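Text of the file run.tsv, holding TSV, C-alpha atoms:
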chain	number	residue	atom	x	y	z
A	1	MET	CA	30.67	13.58	2.51
A	2	ASN	CA	32.49	11.07	0.29
A	3	PHE	CA	36.22	10.52	-0.10
A	4	PRO	CA	38.26	8.61	-2.67
A	5	PRO	CA	39.26	5.04	-1.79
A	6	PRO	CA	42.60	4.69	0.02
A	7	ALA	CA	45.67	4.07	-2.08
A	8	ARG	CA	47.57	2.40	0.75
A	9	PHE	CA	47.29	1.45	4.39
A	10	PRO	CA	49.81	1.60	7.23
A	11	SER	CA	50.83	-2.06	7.58
A	12	LEU	CA	52.81	-1.38	10.76
A	13	ILE	CA	49.62	-0.35	12.55
A	14	LEU	CA	47.84	-3.41	11.11
A	15	ASP	CA	50.52	-5.53	12.75
A	16	ASP	CA	49.88	-3.61	15.97
A	17	VAL	CA	46.17	-4.42	15.74
A	18	ARG	CA	46.94	-8.10	15.35
A	19	GLY	CA	49.33	-7.90	18.28
A	20	ALA	CA	46.69	-6.10	20.32
A	21	GLN	CA	44.22	-8.89	19.57
A	22	LYS	CA	46.62	-11.43	21.07
A	23	MET	CA	47.22	-9.15	24.05
A	24	LEU	CA	43.49	-8.83	24.71
A	25	SER	CA	42.83	-12.56	24.55
A	26	GLY	CA	41.13	-13.49	27.82
A	27	VAL	CA	40.78	-9.81	28.80
A	28	SER	CA	38.16	-8.31	26.50
A	29	ARG	CA	35.13	-10.23	25.32
A	30	VAL	CA	34.57	-11.24	21.72
A	31	THR	CA	31.21	-9.53	21.60
A	32	PRO	CA	28.41	-11.09	19.54
A	33	LEU	CA	26.77	-10.10	16.29
A	34	GLU	CA	22.98	-9.87	16.49
A	35	GLY	CA	20.74	-9.58	13.43
A	36	SER	CA	18.11	-6.87	13.03
A	37	ARG	CA	15.10	-7.95	10.97
A	38	HIS	CA	13.63	-4.44	11.02
A	39	LEU	CA	16.75	-2.74	9.66
A	40	SER	CA	17.41	-5.60	7.24
A	41	ALA	CA	13.96	-5.02	5.74
A	42	LEU	CA	14.62	-1.28	5.41
A	43	VAL	CA	18.08	-1.68	3.89
A	44	GLY	CA	17.09	-4.63	1.69
A	45	ALA	CA	20.07	-6.66	2.88
A	46	PRO	CA	21.23	-8.29	6.12
A	47	VAL	CA	22.03	-5.87	8.94
A	48	GLN	CA	23.78	-7.05	12.09
A	49	PHE	CA	24.74	-5.26	15.30
A	50	LYS	CA	28.26	-5.64	16.72
A	51	CYS	CA	27.36	-5.51	20.40
A	52	GLU	CA	30.19	-3.68	22.17
A	53	ASN	CA	27.52	-2.48	24.60
A	54	LEU	CA	27.95	-5.99	26.05
A	55	GLN	CA	31.72	-5.56	26.45
A	56	ARG	CA	33.29	-5.47	29.92
A	57	THR	CA	32.71	-1.98	31.41
A	58	GLY	CA	29.87	-1.55	28.88
A	59	SER	CA	31.88	-0.20	25.95
A	60	PHE	CA	34.82	-0.81	23.59
A	61	LYS	CA	37.08	1.50	25.60
A	62	LEU	CA	38.64	-1.31	27.65
A	63	ARG	CA	40.40	-2.59	24.51
A	64	GLY	CA	42.48	0.51	23.83
A	65	ALA	CA	43.10	1.33	27.48
A	66	TYR	CA	44.45	-2.14	28.23
A	67	VAL	CA	46.77	-2.15	25.21
A	68	ARG	CA	48.06	1.34	26.03
A	69	ILE	CA	48.76	0.60	29.70
A	70	SER	CA	50.27	-2.80	28.85
A	71	GLY	CA	52.88	-1.01	26.75
A	72	LEU	CA	54.16	1.14	29.62
A	73	SER	CA	57.64	0.55	31.00
A	74	PRO	CA	58.09	-0.64	34.61
A	75	VAL	CA	59.10	2.89	35.60
A	76	GLU	CA	55.98	4.37	33.97
A	77	ARG	CA	53.75	1.76	35.61
A	78	ALA	CA	55.21	2.57	38.98
A	79	ALA	CA	54.26	6.24	38.47
A	80	GLY	CA	50.63	5.30	37.82
A	81	VAL	CA	48.27	6.54	35.15
A	82	VAL	CA	45.76	9.36	34.95
A	83	ALA	CA	42.80	9.94	32.64
A	84	ALA	CA	39.95	12.38	32.13
A	85	SER	CA	36.51	11.21	31.10
A	86	ALA	CA	32.80	11.61	31.75
A	87	GLY	CA	32.21	7.86	31.58
A	88	ASN	CA	33.33	5.12	29.18
A	89	HIS	CA	37.05	5.90	28.98
A	90	ALA	CA	37.12	6.35	32.75
A	91	GLN	CA	35.77	2.86	33.32
A	92	GLY	CA	38.03	1.33	30.68
A	93	VAL	CA	41.16	2.86	32.22
A	94	ALA	CA	40.06	1.91	35.73
A	95	LEU	CA	39.52	-1.77	34.90
A	96	ALA	CA	42.58	-2.06	32.66
A	97	SER	CA	44.76	-0.55	35.40
A	98	ALA	CA	43.33	-2.90	38.01
A	99	LEU	CA	43.96	-5.93	35.80
A	100	LEU	CA	47.56	-4.83	35.22
A	101	GLY	CA	48.26	-3.82	38.83
A	102	VAL	CA	48.75	-0.13	38.00
A	103	ARG	CA	47.49	2.72	40.19
A	104	SER	CA	44.96	4.89	38.36
A	105	THR	CA	43.50	8.33	38.97
A	106	VAL	CA	40.54	9.44	36.91
A	107	PHE	CA	39.27	13.02	36.72
A	108	MET	CA	35.55	13.34	35.98
A	109	PRO	CA	33.32	16.42	35.62
A	110	VAL	CA	31.43	17.50	38.72
A	111	GLY	CA	28.14	16.74	36.99
A	112	ALA	CA	29.10	13.26	35.77
A	113	PRO	CA	26.25	10.74	36.23
A	114	LEU	CA	26.49	9.05	39.62
A	115	PRO	CA	26.29	5.48	38.21
A	116	LYS	CA	29.38	6.15	36.04
A	117	VAL	CA	31.29	7.67	38.96
A	118	ALA	CA	30.40	4.71	41.18
A	119	ALA	CA	31.37	2.17	38.51
A	120	THR	CA	34.75	3.83	37.94
A	121	ARG	CA	35.50	3.69	41.66
A	122	GLU	CA	34.37	0.07	41.86
A	123	TYR	CA	36.81	-0.84	39.08
A	124	GLY	CA	39.59	0.45	41.32
A	125	ALA	CA	40.36	4.02	40.26
A	126	GLU	CA	40.70	7.04	42.52
A	127	VAL	CA	38.06	9.42	41.19
A	128	ARG	CA	38.51	13.19	41.43
A	129	LEU	CA	35.60	15.41	40.45
A	130	HIS	CA	36.78	18.61	38.80
A	131	GLY	CA	35.32	21.11	36.36
A	132	GLN	CA	31.90	21.60	34.86
A	133	VAL	CA	32.84	20.53	31.31
A	134	VAL	CA	35.22	17.88	29.98
A	135	ASP	CA	37.77	20.47	28.77
A	136	GLU	CA	38.25	21.67	32.36
A	137	THR	CA	38.50	18.07	33.56
A	138	LEU	CA	41.06	17.28	30.85
A	139	ALA	CA	43.20	20.26	31.84
A	140	ALA	CA	43.15	19.15	35.47
A	141	ALA	CA	44.24	15.61	34.52
A	142	GLN	CA	47.10	16.89	32.36
A	143	GLU	CA	48.27	19.21	35.14
A	144	TYR	CA	48.18	16.24	37.54
A	145	ALA	CA	50.30	14.21	35.10
A	146	GLN	CA	52.92	16.96	34.85
A	147	ARG	CA	53.01	17.44	38.61
A	148	THR	CA	53.18	13.79	39.66
A	149	GLY	CA	54.79	12.02	36.72
A	150	ALA	CA	51.72	9.83	36.16
A	151	VAL	CA	51.22	8.79	32.53
A	152	PHE	CA	48.29	10.51	30.87
A	153	ILE	CA	46.12	8.00	28.98
A	154	HIS	CA	44.46	9.82	26.11
A	155	PRO	CA	41.02	8.51	25.09
A	156	PHE	CA	41.80	8.34	21.36
A	157	ASP	CA	44.97	10.14	20.25
A	158	HIS	CA	47.63	7.42	20.59
A	159	PRO	CA	48.65	4.51	18.31
A	160	ASP	CA	48.23	1.93	21.09
A	161	ILE	CA	44.70	3.11	21.78
A	162	ILE	CA	43.87	2.89	18.07
A	163	ALA	CA	45.41	-0.58	17.80
A	164	GLY	CA	43.30	-1.81	20.70
A	165	GLN	CA	40.09	-0.38	19.27
A	166	GLY	CA	40.97	-1.86	15.88
A	167	THR	CA	40.50	-5.35	17.27
A	168	VAL	CA	36.76	-4.75	16.89
A	169	GLY	CA	37.33	-4.66	13.12
A	170	LEU	CA	39.22	-7.96	13.11
A	171	GLU	CA	36.38	-9.58	15.05
A	172	ILE	CA	33.81	-8.28	12.57
A	173	LEU	CA	35.74	-9.83	9.67
A	174	GLU	CA	35.94	-13.14	11.51
A	175	GLN	CA	32.27	-13.15	12.49
A	176	CYS	CA	30.84	-11.78	9.22
A	177	PRO	CA	33.35	-12.49	6.42
A	178	GLU	CA	30.79	-11.44	3.79
A	179	VAL	CA	30.40	-7.90	5.26
A	180	ARG	CA	30.35	-5.09	2.70
A	181	THR	CA	29.67	-2.03	4.89
A	182	ILE	CA	30.67	-1.21	8.48
A	183	VAL	CA	28.98	1.76	10.16
A	184	VAL	CA	30.66	3.22	13.25
A	185	GLY	CA	30.19	6.31	15.40
A	186	ILE	CA	33.00	8.87	15.44
A	187	GLY	CA	34.01	11.19	18.27
A	188	GLY	CA	37.75	11.79	18.39
A	189	GLY	CA	38.23	9.06	15.80
A	190	GLY	CA	40.19	6.32	17.58
A	191	LEU	CA	37.60	3.57	17.08
A	192	ALA	CA	36.86	4.38	13.43
A	193	ALA	CA	40.56	4.71	12.65
A	194	GLY	CA	41.43	1.38	14.25
A	195	ILE	CA	38.59	-0.46	12.52
A	196	ALA	CA	39.48	1.10	9.17
A	197	VAL	CA	43.15	0.11	9.49
A	198	ALA	CA	42.30	-3.51	10.30
A	199	VAL	CA	39.48	-3.95	7.80
A	200	LYS	CA	40.95	-2.09	4.81
A	201	ALA	CA	44.20	-4.04	5.10
A	202	VAL	CA	42.37	-7.36	4.80
A	203	ARG	CA	39.28	-6.35	2.80
A	204	PRO	CA	39.86	-3.05	0.95
A	205	ASP	CA	36.44	-3.46	-0.74
A	206	VAL	CA	34.56	-3.05	2.55
A	207	ARG	CA	33.05	0.40	2.88
A	208	ILE	CA	33.64	2.17	6.21
A	209	VAL	CA	31.05	4.81	7.11
A	210	GLY	CA	31.58	7.08	10.10
A	211	VAL	CA	28.69	8.80	11.89
A	212	GLN	CA	28.74	11.98	13.96
A	213	ALA	CA	26.04	13.87	15.82
A	214	ALA	CA	25.16	16.97	13.79
A	215	GLY	CA	25.54	19.13	16.89
A	216	ALA	CA	29.11	17.97	17.52
A	217	ALA	CA	30.48	17.17	14.07
A	218	CYS	CA	34.16	18.11	14.08
A	219	TYR	CA	35.21	15.77	11.25
A	220	PRO	CA	33.40	17.28	8.23
A	221	PRO	CA	35.07	20.72	8.60
A	222	SER	CA	38.39	19.10	9.49
A	223	LEU	CA	38.31	16.84	6.44
A	224	ALA	CA	37.41	19.82	4.26
A	225	ALA	CA	40.36	21.78	5.70
A	226	GLY	CA	42.76	18.83	5.45
A	227	ARG	CA	43.73	19.12	9.12
A	228	PRO	CA	42.06	18.82	12.54
A	229	VAL	CA	40.11	21.95	13.37
A	230	SER	CA	38.16	22.81	16.51
A	231	ILE	CA	34.46	23.58	16.53
A	232	GLY	CA	33.04	25.94	19.11
A	233	SER	CA	29.57	24.75	20.01
A	234	LEU	CA	28.87	21.15	21.04
A	235	GLN	CA	25.17	20.38	21.42
A	236	THR	CA	24.22	16.72	21.51
A	237	MET	CA	22.85	14.08	23.86
A	238	ALA	CA	25.53	11.68	22.54
A	239	ASP	CA	28.27	12.49	25.05
A	240	GLY	CA	30.35	9.50	23.92
A	241	ILE	CA	31.04	11.21	20.57
A	242	LYS	CA	30.84	14.79	21.83
A	243	VAL	CA	34.35	15.87	20.84
A	244	GLY	CA	35.30	19.34	19.62
A	245	ARG	CA	38.48	18.43	17.71
A	246	PRO	CA	39.69	15.22	16.03
A	247	GLY	CA	42.83	13.60	17.38
A	248	ASP	CA	45.92	14.15	15.23
A	249	VAL	CA	46.76	10.44	14.97
A	250	PRO	CA	43.26	9.13	14.18
A	251	PHE	CA	42.49	12.03	11.86
A	252	ALA	CA	45.22	11.05	9.42
A	253	LEU	CA	43.89	7.48	9.33
A	254	VAL	CA	40.23	8.47	9.04
A	255	ARG	CA	41.07	10.86	6.22
A	256	GLU	CA	42.92	8.14	4.35
A	257	LEU	CA	40.83	5.06	5.06
A	258	VAL	CA	37.25	5.98	6.00
A	259	ASP	CA	35.03	6.20	2.92
A	260	GLU	CA	32.34	8.54	4.20
A	261	VAL	CA	31.34	10.59	7.25
A	262	ARG	CA	27.65	11.25	7.85
A	263	THR	CA	25.82	13.29	10.48
A	264	VAL	CA	22.56	12.50	12.29
A	265	SER	CA	20.12	14.72	14.17
A	266	GLU	CA	19.03	14.48	17.79
A	267	ASP	CA	15.61	13.21	16.68
A	268	GLU	CA	17.31	10.47	14.67
A	269	LEU	CA	19.51	9.52	17.62
A	270	SER	CA	16.60	9.22	20.02
A	271	SER	CA	14.54	7.24	17.49
A	272	ALA	CA	17.50	4.88	17.00
A	273	LEU	CA	17.90	4.36	20.73
A	274	LEU	CA	14.19	3.60	21.01
A	275	LEU	CA	14.46	1.06	18.18
A	276	CYS	CA	17.42	-0.65	19.86
A	277	LEU	CA	15.46	-0.99	23.07
A	278	GLU	CA	12.11	-2.05	21.59
A	279	ARG	CA	13.16	-4.19	18.63
A	280	ALA	CA	16.61	-5.51	19.59
A	281	LYS	CA	16.15	-5.51	23.40
A	282	MET	CA	19.49	-3.70	23.62
A	283	VAL	CA	20.32	-0.97	26.14
A	284	VAL	CA	22.48	1.40	24.09
A	285	GLU	CA	23.74	4.89	24.83
A	286	PRO	CA	23.09	7.67	22.26
A	287	ALA	CA	26.65	7.54	20.85
A	288	GLY	CA	26.32	3.78	20.46
A	289	ALA	CA	23.05	4.21	18.59
A	290	SER	CA	24.49	6.68	16.04
A	291	PRO	CA	25.13	4.00	13.36
A	292	VAL	CA	21.52	2.84	13.74
A	293	ALA	CA	20.38	6.45	13.34
A	294	ALA	CA	22.31	6.70	10.07
A	295	LEU	CA	20.71	3.50	8.77
A	296	LEU	CA	17.24	4.69	9.73
A	297	SER	CA	17.71	8.10	8.12
A	298	ASP	CA	18.85	6.78	4.71
A	299	PRO	CA	18.58	2.98	4.58
A	300	LYS	CA	19.02	2.62	0.83
A	301	ALA	CA	22.44	4.32	0.95
A	302	PHE	CA	24.09	1.26	2.54
A	303	ARG	CA	25.21	-1.81	0.63
A	304	GLY	CA	24.74	-5.03	2.57
A	305	PRO	CA	25.53	-7.09	4.42
A	306	VAL	CA	25.93	-4.26	6.93
A	307	VAL	CA	27.46	-4.36	10.41
A	308	ALA	CA	26.44	-1.46	12.67
A	309	LEU	CA	28.61	-1.03	15.74
A	310	LEU	CA	26.77	-0.49	19.04
A	311	SER	CA	29.82	1.00	20.74
A	312	GLY	CA	28.49	1.34	24.28
A	313	GLY	CA	25.58	0.87	26.65
A	314	ASN	CA	26.48	3.13	29.59
A	315	VAL	CA	23.53	5.47	29.77
A	316	ASP	CA	22.30	7.23	32.91
A	317	PRO	CA	18.75	6.05	33.78
A	318	LEU	CA	17.43	9.60	34.06
A	319	LEU	CA	18.89	10.50	30.67
A	320	MET	CA	17.46	7.29	29.24
A	321	GLN	CA	14.00	8.30	30.43
A	322	ARG	CA	14.27	11.71	28.74
A	323	ILE	CA	15.69	10.21	25.56
A	324	LEU	CA	12.94	7.62	25.31
A	325	THR	CA	10.32	10.32	25.72
A	326	HIS	CA	12.05	12.36	23.02
A	327	GLY	CA	12.31	9.30	20.80
A	328	MET	CA	8.63	8.48	21.14
A	329	SER	CA	7.77	12.10	20.31
A	330	ALA	CA	10.05	12.00	17.26
A	331	ALA	CA	8.33	8.77	16.17
A	332	GLY	CA	4.91	10.43	16.41
A	333	ARG	CA	3.81	8.30	19.35
A	334	TYR	CA	2.88	11.19	21.64
A	335	LEU	CA	0.01	13.53	20.95
A	336	SER	CA	-0.58	16.77	22.84
A	337	LEU	CA	-3.74	18.73	22.18
A	338	ARG	CA	-6.28	21.06	23.75
A	339	LEU	CA	-10.02	20.92	23.33
A	340	ARG	CA	-13.16	22.68	24.56
A	341	LEU	CA	-16.08	20.94	26.20
A	342	THR	CA	-19.21	21.90	28.10
A	343	ASP	CA	-18.52	22.34	31.80
A	344	ARG	CA	-21.07	19.97	33.29
A	345	PRO	CA	-20.87	16.86	35.51
A	346	GLY	CA	-19.70	13.81	33.57
A	347	ALA	CA	-18.37	15.76	30.55
A	348	LEU	CA	-14.73	14.87	31.26
A	349	ALA	CA	-15.58	11.19	31.80
A	350	THR	CA	-17.51	11.14	28.49
A	351	MET	CA	-14.54	12.64	26.64
A	352	LEU	CA	-12.17	10.10	28.20
A	353	GLY	CA	-14.53	7.36	27.04
A	354	VAL	CA	-14.17	8.62	23.46
A	355	LEU	CA	-10.40	8.44	23.83
A	356	SER	CA	-10.68	4.91	25.17
A	357	GLN	CA	-12.68	3.88	22.10
A	358	ALA	CA	-9.94	5.45	19.93
A	359	ASP	CA	-7.38	3.25	21.77
A	360	ALA	CA	-5.34	6.23	22.97
A	361	ASN	CA	-3.53	5.99	26.30
A	362	VAL	CA	-4.02	9.11	28.45
A	363	LEU	CA	-0.77	10.13	30.15
A	364	ASP	CA	-1.82	13.47	31.64
A	365	VAL	CA	-4.95	15.65	31.83
A	366	SER	CA	-5.14	19.33	32.77
A	367	HIS	CA	-8.66	20.69	33.32
A	368	VAL	CA	-9.07	24.52	33.15
A	369	ARG	CA	-12.29	26.31	34.08
A	370	THR	CA	-11.16	29.84	35.02
A	371	ASP	CA	-9.48	31.14	31.86
A	372	PRO	CA	-11.09	34.49	30.81
A	373	ARG	CA	-11.13	33.24	27.19
A	374	LEU	CA	-13.67	30.58	28.14
A	375	GLY	CA	-17.42	31.04	28.04
A	376	LEU	CA	-19.54	30.73	31.15
A	377	THR	CA	-20.37	27.08	30.47
A	378	GLU	CA	-17.07	26.07	28.86
A	379	ALA	CA	-13.98	24.26	30.10
A	380	GLU	CA	-10.70	23.57	28.39
A	381	VAL	CA	-8.78	20.32	28.67
A	382	GLU	CA	-5.11	19.83	27.80
A	383	LEU	CA	-4.28	16.22	27.01
A	384	HIS	CA	-1.03	14.29	26.65
A	385	LEU	CA	-1.64	10.96	24.95
A	386	GLU	CA	0.41	7.94	23.96
A	387	THR	CA	-0.49	6.65	20.49
A	388	LYS	CA	0.67	4.02	18.02
A	389	GLY	CA	2.22	6.44	15.55
A	390	PRO	CA	1.49	9.44	13.28
A	391	GLU	CA	-1.52	7.82	11.56
A	392	HIS	CA	-3.06	6.94	14.90
A	393	CYS	CA	-2.55	10.55	16.08
A	394	GLU	CA	-4.63	11.76	13.13
A	395	GLU	CA	-7.28	9.11	13.82
A	396	VAL	CA	-7.56	10.17	17.49
A	397	ALA	CA	-7.96	13.86	16.58
A	398	ALA	CA	-10.53	12.98	13.93
A	399	THR	CA	-12.48	10.81	16.39
A	400	LEU	CA	-12.67	13.70	18.86
A	401	ARG	CA	-13.92	16.08	16.18
A	402	GLU	CA	-16.53	13.57	15.01
A	403	ALA	CA	-17.73	13.35	18.63
A	404	GLY	CA	-18.38	17.10	18.56
A	405	TYR	CA	-15.35	18.41	20.41
A	406	LEU	CA	-13.53	21.58	19.33
A	407	VAL	CA	-9.89	20.51	18.98
A	408	ILE	CA	-7.70	23.60	19.34
A	409	GLY	CA	-4.24	22.12	18.76

Kindly transcribe the structure held in the file into structure tokens.
Amino acid sequence: MNFPPPARFPSLILDDVRGAQKMLSGVSRVTPLEGSRHLSALVGAPVQFKCENLQRTGSFKLRGAYVRISGLSPVERAAGVVAASAGNHAQGVALASALLGVRSTVFMPVGAPLPKVAATREYGAEVRLHGQVVDETLAAAQEYAQRTGAVFIHPFDHPDIIAGQGTVGLEILEQCPEVRTIVVGIGGGGLAAGIAVAVKAVRPDVRIVGVQAAGAACYPPSLAAGRPVSIGSLQTMADGIKVGRPGDVPFALVRELVDEVRTVSEDELSSALLLCLERAKMVVEPAGASPVAALLSDPKAFRGPVVALLSGGNVDPLLMQRILTHGMSAAGRYLSLRLRLTDRPGALATMLGVLSQADANVLDVSHVRTDPRLGLTEAEVELHLETKGPEHCEEVAATLREAGYLVIG
């Protein structure tokens, strides 16, 4: 979805971004840019990663949280702050509060990954587990704020949050002054809005492309309607951008300043995460890999030099394992098939020898002899193999057929 170039930009918020950059000096890290030869070859121009996955707390969220809490009055600080989050915002608020000497309470869903819960506690927050989904957790945090007077720290819908996140854009311009396209994941919109404000004010020619997961894309219908609208179903592994409604404040800025919003599939997200791990040696969460997914899905659509923002690296190890398996499947590097062979001593070993010659790695074997569909002297084997890609999958299947095996599927 394309939008006309902005006619103006809110200079007051640009000044806030510059002020936020001074405020964050010595607090947040100036994260590095790392080149990607693989993506550069696909795009036909330099592609670099802005590595916010290496930021303190593992994501960009510390920036906005620190700026927001810094702006509280002494009375508000004394009342403490409260937030609701399944991970990144929770850790950002916890560390920012600790650095500023403010008491923090963070509500997290009951099913939040244990490493994220432990990290939030270690940063100094009181963690309360409530609700099965983030909406229930958010309601509990807001009720706590009303009851206790604690200041609710929204993850994206506040000018101070947006100003803090916008410092990423200023760093990109300083580190890559020749940049022509910036690709950034979008959930509620705070990060994209902040980057767009900072970058468009200084370099209006730079194209800003937002990326959403197709299963949780609230911005395309909202932009079409001209106002934030809620979407009912949210189905994506990218929990960092799994937001059902844009924030009012960031929506206005995204609508005005972001040039395009794209969506990516779950297969594209998992393939992007796998690429980050294998090629860039970067641990990135699915939301953080969304810009990479967009580049992989349509590389010639991006004018370089390109900076793709890896917004976070906080991924649960069990989820990472599932995602990597999914990513390898999407990349054609797993092959599952069934075949028939004669049920005699040594037949299975002979078949495995054929697979070894085909350079396929056997992950799992299931040997069935008692199925009524089988003949008296037949056995069926179900195989799960690791291969080098789609072409190798075809070569392995062809090798088995040439060896005389009946490959069923």

Find the nearest atom pair between each residue of region 94-174 of chain A and region 72-82 of chain A for residues within 6 Å, count all atoms listed in the file, give distances in Å to one decimal, sort rows by chain and ascending number, and present the table as JSON lines.
{"residue": "A:Val102", "atom": "CA", "partner": "A:Gly80", "partner_atom": "CA", "distance": 5.7}
{"residue": "A:Arg103", "atom": "CA", "partner": "A:Gly80", "partner_atom": "CA", "distance": 4.7}
{"residue": "A:Ser104", "atom": "CA", "partner": "A:Val81", "partner_atom": "CA", "distance": 4.9}
{"residue": "A:Thr105", "atom": "CA", "partner": "A:Val82", "partner_atom": "CA", "distance": 4.7}
{"residue": "A:Val106", "atom": "CA", "partner": "A:Val82", "partner_atom": "CA", "distance": 5.6}
{"residue": "A:Ala150", "atom": "CA", "partner": "A:Val81", "partner_atom": "CA", "distance": 4.9}
{"residue": "A:Val151", "atom": "CA", "partner": "A:Val81", "partner_atom": "CA", "distance": 4.5}
{"residue": "A:Phe152", "atom": "CA", "partner": "A:Val82", "partner_atom": "CA", "distance": 4.9}

Q.
At a cut-off of 6 Å, using all atoms listed in the file, what residues contact region 178-195 of chain A? Leave out same-chain residues fewer than 3 positions from it and give the result as a ChimeraX atom specification.
A. /A:156,162-163,165-166,169,198-199,206-212,241-243,246-247,250,253-254,290-291,304-309

**Q.** CA of Cys51 (chain A) to CA of Val283 (chain A), distance in Å rounded to a single decimal
**A.**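 According to the coordinates, CA of Cys51 (chain A) and CA of Val283 (chain A) are separated by 10.2 Å.
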
**Q.** For CA of Tyr334 (chain A) and CA of Lys388 (chain A), the interatomic separation in Å (one decimal)
**A.**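 A separation of 8.3 Å between them.
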
**Q.** Within 8 Å of Leu129 (chain A) using only C-alpha atoms, minus same-chain residues under 3 positions, as a VMD selection string
**A.** chain A and resid 107 to 110 137

Q: Considering only C-alpha atoms, return as number ranges by chain whatever protein or nucleic-acid residues lie within 12 Å of region 12-25 of chain A, sequence-local ones (same chain, fewer than 4 positions apart) excluded.
A: A: 8, 29-30, 56, 60, 62-71, 96, 99-100, 158-171, 191, 193-202, 249-250, 253

Q. Using all atoms listed in the file, which of the listed residues (A:Gly92, A:Gly35, A:Gly87, A:Pro46) sits closest to Ala112 (chain A)?
A.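 Checking each of A:Gly92, A:Gly35, A:Gly87, A:Pro46 against Ala112 (chain A), counting all atoms listed in the file, the winner is A:Gly87.
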
(Q) I need the residue nearest Ser356 (chain A) from this list: A:Glu268, A:Lys50, A:Val396, A:Val407. Use only C-alpha atoms for the distance. (A)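 Smallest distance to Ser356 (chain A) is found for A:Val396.
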
Q: In Å, rounded to a single decimal, give me how far CA of Pro299 (chain A) is from CA of Asn53 (chain A).
A: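 According to the coordinates, CA of Asn53 (chain A) and CA of Pro299 (chain A) are separated by 22.6 Å.
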
Q) Leaving out Gly404 (chain A) and any residue of its chain fewer than 5 positions from it, which residues lie within 12 Å of it when counting all atoms listed in the file, given as a PyMOL selection string? A) chain A and resi 339-342+350-351+354+397-399
